[in-house]
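Participant: Input data.txt, format and content: compact mmCIF, C-alpha atoms.
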```txt
# COMPACT_ATOMS: atom_id res chain seq x y z
CA MET M 5 18.91 79.93 95.35
CA LYS M 6 15.22 79.02 95.57
CA GLN M 7 14.02 81.32 98.37
CA VAL M 8 15.42 84.38 100.07
CA CYS M 9 14.17 86.00 103.27
CA ILE M 10 13.77 89.76 103.35
CA PHE M 11 13.64 91.77 106.57
CA CYS M 12 12.24 95.29 106.22
CA GLY M 13 9.97 97.92 107.68
CA SER M 14 6.22 97.73 108.12
CA TYR M 15 6.19 101.51 107.49
CA ALA M 16 6.78 103.24 104.16
CA GLY M 17 9.55 105.45 105.55
CA ALA M 18 10.10 109.15 105.00
CA GLN M 19 11.44 108.90 101.44
CA PRO M 20 9.61 107.46 98.37
CA MET M 21 12.84 105.67 97.36
CA TYR M 22 12.31 103.08 100.11
CA MET M 23 8.95 101.90 98.75
CA GLU M 24 10.32 102.05 95.20
CA ALA M 25 13.30 99.85 96.12
CA ALA M 26 11.04 97.40 97.98
CA HIS M 27 8.77 97.02 94.94
CA ALA M 28 11.81 96.74 92.63
CA ILE M 29 13.42 93.99 94.70
CA GLY M 30 10.15 92.04 94.56
CA LEU M 31 10.12 92.34 90.77
CA GLY M 32 13.81 91.39 90.71
CA LEU M 33 13.21 88.24 92.74
CA ALA M 34 10.38 87.17 90.45
CA LYS M 35 12.50 87.83 87.34
CA ARG M 36 15.24 85.56 88.75
CA LYS M 37 12.70 82.93 89.87
CA ILE M 38 13.69 83.36 93.51
CA GLY M 39 10.83 82.97 95.97
CA LEU M 40 10.26 85.61 98.64
CA VAL M 41 10.02 84.68 102.32
CA TYR M 42 9.01 87.60 104.54
CA GLY M 43 6.95 88.61 107.54
CA GLY M 44 3.57 88.26 105.83
CA GLY M 45 2.39 91.86 106.20
CA ARG M 46 0.42 93.96 103.73
CA VAL M 47 1.70 97.37 104.88
CA GLY M 48 4.84 99.43 104.38
CA LEU M 49 7.92 98.04 102.68
CA MET M 50 6.73 94.53 103.54
CA GLY M 51 3.60 94.97 101.44
CA ALA M 52 5.55 96.60 98.59
CA ILE M 53 7.99 93.68 98.36
CA ALA M 54 5.18 91.15 98.31
CA ASP M 55 3.21 93.16 95.75
CA GLY M 56 6.26 93.50 93.50
CA THR M 57 7.00 89.79 93.66
CA ILE M 58 3.37 88.89 92.93
CA GLU M 59 3.21 91.43 90.09
CA GLY M 60 6.29 89.80 88.55
CA GLY M 61 4.72 86.33 88.79
CA GLY M 62 6.92 85.17 91.67
CA HIS M 63 6.17 82.96 94.65
CA VAL M 64 5.61 84.61 98.05
CA THR M 65 5.65 82.89 101.43
CA GLY M 66 4.61 84.92 104.46
CA VAL M 67 5.21 84.01 108.09
CA ILE M 68 3.16 86.05 110.55
CA PRO M 69 2.18 85.78 114.22
CA GLN M 70 -1.52 85.29 114.98
CA SER M 71 -1.57 88.58 116.91
CA LEU M 72 -0.80 90.49 113.69
CA VAL M 73 -3.39 88.51 111.73
CA ASP M 74 -5.91 89.52 114.40
CA ARG M 75 -5.01 93.19 113.75
CA GLU M 76 -5.76 92.61 110.03
CA LEU M 77 -2.17 93.22 108.94
CA ALA M 78 -1.72 89.98 106.95
CA HIS M 79 -1.37 90.15 103.18
CA LYS M 80 -4.23 88.22 101.60
CA GLY M 81 -2.70 87.63 98.15
CA LEU M 82 0.24 85.35 99.02
CA ASN M 83 0.96 81.87 97.69
CA GLU M 84 1.54 80.65 101.26
CA LEU M 85 0.84 82.22 104.63
CA HIS M 86 2.11 80.47 107.76
CA VAL M 87 0.41 81.74 110.91
CA VAL M 88 2.58 81.14 113.98
CA ALA M 89 2.20 81.74 117.70
CA SER M 90 5.07 84.16 118.34
CA MET M 91 7.75 86.39 116.87
CA HIS M 92 10.36 83.82 117.94
CA GLU M 93 8.59 81.12 115.97
CA ARG M 94 8.28 83.49 113.01
CA LYS M 95 12.02 84.20 112.90
CA ALA M 96 12.93 80.53 113.29
CA MET M 97 10.63 79.45 110.45
CA MET M 98 11.82 82.20 108.11
CA ALA M 99 15.44 81.22 108.79
CA GLN M 100 14.75 77.54 108.27
CA ILE M 101 13.01 77.84 104.88
CA SER M 102 15.31 80.49 103.38
CA GLU M 103 18.63 80.11 101.58
CA GLY M 104 19.79 83.67 102.12
CA PHE M 105 18.83 86.92 103.83
CA ILE M 106 18.45 90.53 102.76
CA ALA M 107 17.68 93.53 104.97
CA LEU M 108 16.06 96.66 103.57
CA PRO M 109 15.40 99.83 105.55
CA GLY M 110 13.30 99.34 108.64
CA GLY M 111 13.15 99.93 112.36
CA TYR M 112 13.70 97.93 115.54
CA GLY M 113 12.07 94.76 114.20
CA THR M 114 14.21 94.77 111.09
CA LEU M 115 17.39 95.23 113.13
CA ASP M 116 16.30 92.50 115.55
CA GLU M 117 15.85 90.04 112.69
CA LEU M 118 19.05 91.13 110.96
CA PHE M 119 21.29 90.91 114.01
CA GLU M 120 19.86 87.58 115.07
CA ILE M 121 20.63 86.05 111.68
CA ILE M 122 24.12 87.62 111.66
CA THR M 123 24.74 86.22 115.14
CA TRP M 124 23.57 82.76 114.08
CA GLY M 125 26.05 82.93 111.20
CA GLN M 126 28.83 84.11 113.54
CA LEU M 127 28.14 81.14 115.81
CA GLY M 128 28.18 78.73 112.88
CA PHE M 129 24.46 77.85 112.98
CA HIS M 130 24.20 78.59 109.24
CA ARG M 131 26.40 79.57 106.28
CA LYS M 132 23.74 81.35 104.27
CA PRO M 133 24.57 84.69 102.66
CA ILE M 134 23.42 87.88 104.38
CA ALA M 135 23.09 91.20 102.54
CA LEU M 136 22.00 94.77 103.17
CA LEU M 137 20.33 96.91 100.52
CA SER M 138 21.48 100.32 101.69
CA VAL M 139 18.92 102.42 99.81
CA GLY M 140 20.13 106.01 99.71
CA GLY M 141 22.86 105.14 102.24
CA TYR M 142 20.25 104.11 104.83
CA PHE M 143 22.56 101.64 106.58
CA ASN M 144 25.69 103.85 106.53
CA PRO M 145 25.36 104.95 110.20
CA LEU M 146 24.82 101.33 111.24
CA LEU M 147 27.83 100.18 109.22
CA ALA M 148 29.93 102.88 110.90
CA PHE M 149 28.84 101.62 114.29
CA ILE M 150 29.66 98.03 113.31
CA GLU M 151 33.15 99.23 112.32
CA HIS M 152 33.38 100.93 115.72
CA MET M 153 32.47 97.65 117.45
CA ALA M 154 35.19 95.89 115.44
CA THR M 155 37.74 98.62 116.27
CA GLU M 156 36.88 98.29 119.96
CA GLY M 157 37.44 94.53 119.85
CA PHE M 158 33.85 93.27 120.07
CA ILE M 159 33.56 91.97 116.50
CA LYS M 160 36.26 90.23 114.50
CA PRO M 161 36.92 91.88 111.11
CA GLU M 162 36.05 88.66 109.29
CA HIS M 163 32.64 88.60 110.95
CA ARG M 164 32.01 92.17 109.79
CA ALA M 165 33.07 91.21 106.27
CA ALA M 166 30.57 88.33 106.19
CA VAL M 167 27.73 90.78 105.45
CA LEU M 168 27.39 91.91 101.84
CA VAL M 169 26.38 95.57 101.32
CA LYS M 170 24.98 96.98 98.06
CA THR M 171 23.04 100.10 97.08
CA GLU M 172 21.32 98.89 93.89
CA VAL M 173 18.69 96.14 93.65
CA ASP M 174 20.03 94.34 90.55
CA ASP M 175 23.62 94.50 91.80
CA LEU M 176 22.59 93.02 95.16
CA LEU M 177 20.50 90.19 93.69
CA ASP M 178 23.08 89.25 91.04
CA THR M 179 25.88 89.27 93.63
CA LEU M 180 23.80 87.29 96.13
CA LEU M 181 23.27 84.51 93.59
CA VAL M 182 27.01 83.83 93.34
CA TYR M 183 28.12 84.99 96.80
CA GLU M 184 29.83 82.52 99.09
CA PRO M 185 30.20 83.51 102.76
CA PRO M 186 33.83 83.44 103.90
CA GLU M 187 35.13 80.60 106.00
CA LEU M 188 35.01 81.92 109.53
CA GLU M 189 37.14 80.88 112.43
CA LYS M 190 35.12 79.34 115.25
CA TRP M 191 33.86 82.14 117.44
CA ILE M 192 34.16 80.11 120.64
CA LYS M 193 36.74 77.38 120.98
CA LYS M 194 36.38 74.33 123.17
CA PRO M 195 38.95 74.07 125.99
CA ASP M 196 40.83 71.30 124.16
CA GLU M 197 41.17 73.57 121.08
CA LEU M 198 42.90 76.44 122.91
```
Take the structure I supplied and represent it as structure tokens, if you would.
Facilitator:
Amino acid sequence: MKQVCIFCGSYAGAQPMYMEAAHAIGLGLAKRKIGLVYGGGRVGLMGAIADGTIEGGGHVTGVIPQSLVDRELAHKGLNELHVVASMHERKAMMAQISEGFIALPGGYGTLDELFEIITWGQLGFHRKPIALLSVGGYFNPLLAFIEHMATEGFIKPEHRAAVLVKTEVDDLLDTLLVYEPPELEKWIKKPDEL
């Protein structure tokens, strides 16, 4: 795996462990010679991941909309910074140049990016691994709701199982390197396949 995309918060969060994990995953990527692709910001968990990767000697590619550059939120120390016109373009570029995806704690934007990439995998648009780093159990309520959606018949169990969940940085990165997404049944069948 040459590059992995990380979705995470532009805030530090309420607990120091979130920033610590973000910095640690950046160092972990650099140690494994995996490039970071992320939203290009200098603040919050986003900045901590970039700083950790840079500190470890790793390669960092940021993808950021012009509107956020204009608000002076872009990280200035990256190897590459792609400035795009919109959030849609940002997500598409990050997905295209990455070989896997990790979500760390974050808010609406993080969940938007995460669920879009999960949906693309469900629809067969990619077969790249997707993982959650559930720092301090951060994603536990979300995982419970995903199980509820599966129980209520809105998600197939195999689609739920396609997302890897870990609580420790090294465990997640080592598992991601060897992880193969399961073969999924086509979500929508053509009329002649019914």
Participant: Suppose you want the space between CA of Ile10 (chain M) and CA of Tyr42 (chain M); what is it in Å?
Facilitator: 5.4 Å
Participant: List the spatial neighbours of region 157-164 of chain M as a list in words - criterion: any atom at most 12 Å away, all atoms listed in the file, same-chain residues fewer than 5 positions off excluded.
Facilitator: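 Residues meeting the cut-off are Phe119, Ile122, Thr123, Trp124, Gly125, Gln126, Leu127, Gly128, Arg131, Ile134, Ala135, Leu146, Leu147, Ala148, Phe149, Ile150, Glu151, His152, Val169, Pro185, Pro186, Glu187, Leu188, Glu189, Lys190 and Trp191 of chain M.
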Participant: Work out how far CA of Ser71 (chain M) is from CA of Ile101 (chain M), in Å to one decimal.
Facilitator: 21.7 Å
Participant: Using all atoms listed in the file for the distances, tell me which of M:Leu177, M:Met97, M:Leu85, M:Ala16 is nearest to Gln70 (chain M).
Facilitator: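 The closest residue to Gln70 (chain M) is M:Leu85.
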Participant: Can you pull out every residue within 9 Å of Thr57 (chain M), counting all atoms listed in the file, but drop anything in the same chain fewer than 3 positions away, and send it as a ChimeraX atom specification?
Facilitator: /M:27-35,39-40,52-54,60-64
Participant: Keeping C-alpha atoms, export the residues of the selection given above as a JSON list (two decimals), in the coordinates of the input.
Facilitator:
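Wrote result.json, looks like this:
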```
[["chain", "number", "residue", "atom", "x", "y", "z"],
["M", 27, "HIS", "CA", 8.77, 97.02, 94.94],
["M", 28, "ALA", "CA", 11.81, 96.74, 92.63],
["M", 29, "ILE", "CA", 13.42, 93.99, 94.70],
["M", 30, "GLY", "CA", 10.15, 92.04, 94.56],
["M", 31, "LEU", "CA", 10.12, 92.34, 90.77],
["M", 32, "GLY", "CA", 13.81, 91.39, 90.71],
["M", 33, "LEU", "CA", 13.21, 88.24, 92.74],
["M", 34, "ALA", "CA", 10.38, 87.17, 90.45],
["M", 35, "LYS", "CA", 12.50, 87.83, 87.34],
["M", 39, "GLY", "CA", 10.83, 82.97, 95.97],
["M", 40, "LEU", "CA", 10.26, 85.61, 98.64],
["M", 52, "ALA", "CA", 5.55, 96.60, 98.59],
["M", 53, "ILE", "CA", 7.99, 93.68, 98.36],
["M", 54, "ALA", "CA", 5.18, 91.15, 98.31],
["M", 60, "GLY", "CA", 6.29, 89.80, 88.55],
["M", 61, "GLY", "CA", 4.72, 86.33, 88.79],
["M", 62, "GLY", "CA", 6.92, 85.17, 91.67],
["M", 63, "HIS", "CA", 6.17, 82.96, 94.65],
["M", 64, "VAL", "CA", 5.61, 84.61, 98.05]]
```
Participant: Using all atoms listed in the file for the distances, tell me which of M:Asp174, M:Leu82, M:Val67, M:Phe11 is nearest to Glu120 (chain M).
Facilitator: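 Among M:Asp174, M:Leu82, M:Val67, M:Phe11, it is M:Phe11 that comes nearest to Glu120 (chain M).
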Participant: Can you tell me which residues surround Met98 (chain M) at a distance of at most 7 Å, considering only C-alpha atoms, apart from same-chain residues fewer than 3 positions away, and format the answer as a list in words?
Facilitator: Cys9, Val41, Val67, Arg94, Lys95, Ile101 and Ser102 of chain M
Participant: Between M:Pro133, M:Gly56, M:Gly45, M:Gly51, which residue has the minimum interatomic distance to Arg75 (chain M), considering all atoms listed in the file?
Facilitator: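 Result for the nearest residue to Arg75 (chain M): M:Gly45.
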Participant: Please compute the CA of Pro145 (chain M)-CA of Phe105 (chain M) distance, one decimal, in Å.
Facilitator: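 Answer for the CA of Pro145 (chain M) to CA of Phe105 (chain M) separation: 20.2 Å.
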Participant: Which residue out of M:Ala25, M:Ile58, M:Ile38, M:Val47 has the minimum interatomic distance to Leu72 (chain M) when all atoms listed in the file are used?
Facilitator: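 Answer, going by the shortest atom-to-atom distance: M:Val47.
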Participant: Between M:Ala154, M:Val73, M:Leu49, M:Met21, which is the closest to Glu172 (chain M) once you count only C-alpha atoms?
Facilitator: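 Looking only at the distances to Glu172 (chain M), the closest residue turns out to be M:Met21.
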Participant: Using all atoms listed in the file, pick whichever of M:Leu168, M:Val139, M:Met50, M:Leu176 has the shortest atom-to-atom distance to Pro109 (chain M).
Facilitator: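 So, comparing all the options, the nearest one is M:Val139.
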Participant: Edge lengths and centre in Å to one decimal, as JSON, is what I'm after for the box along x, y and z that holds all listed atoms of region 130-143 of chain M once 8 Å is added on each side.
Facilitator:
```
{"center_x": 22.7, "center_y": 92.3, "center_z": 104.5, "size_x": 23.5, "size_y": 43.4, "size_z": 25.5}
```
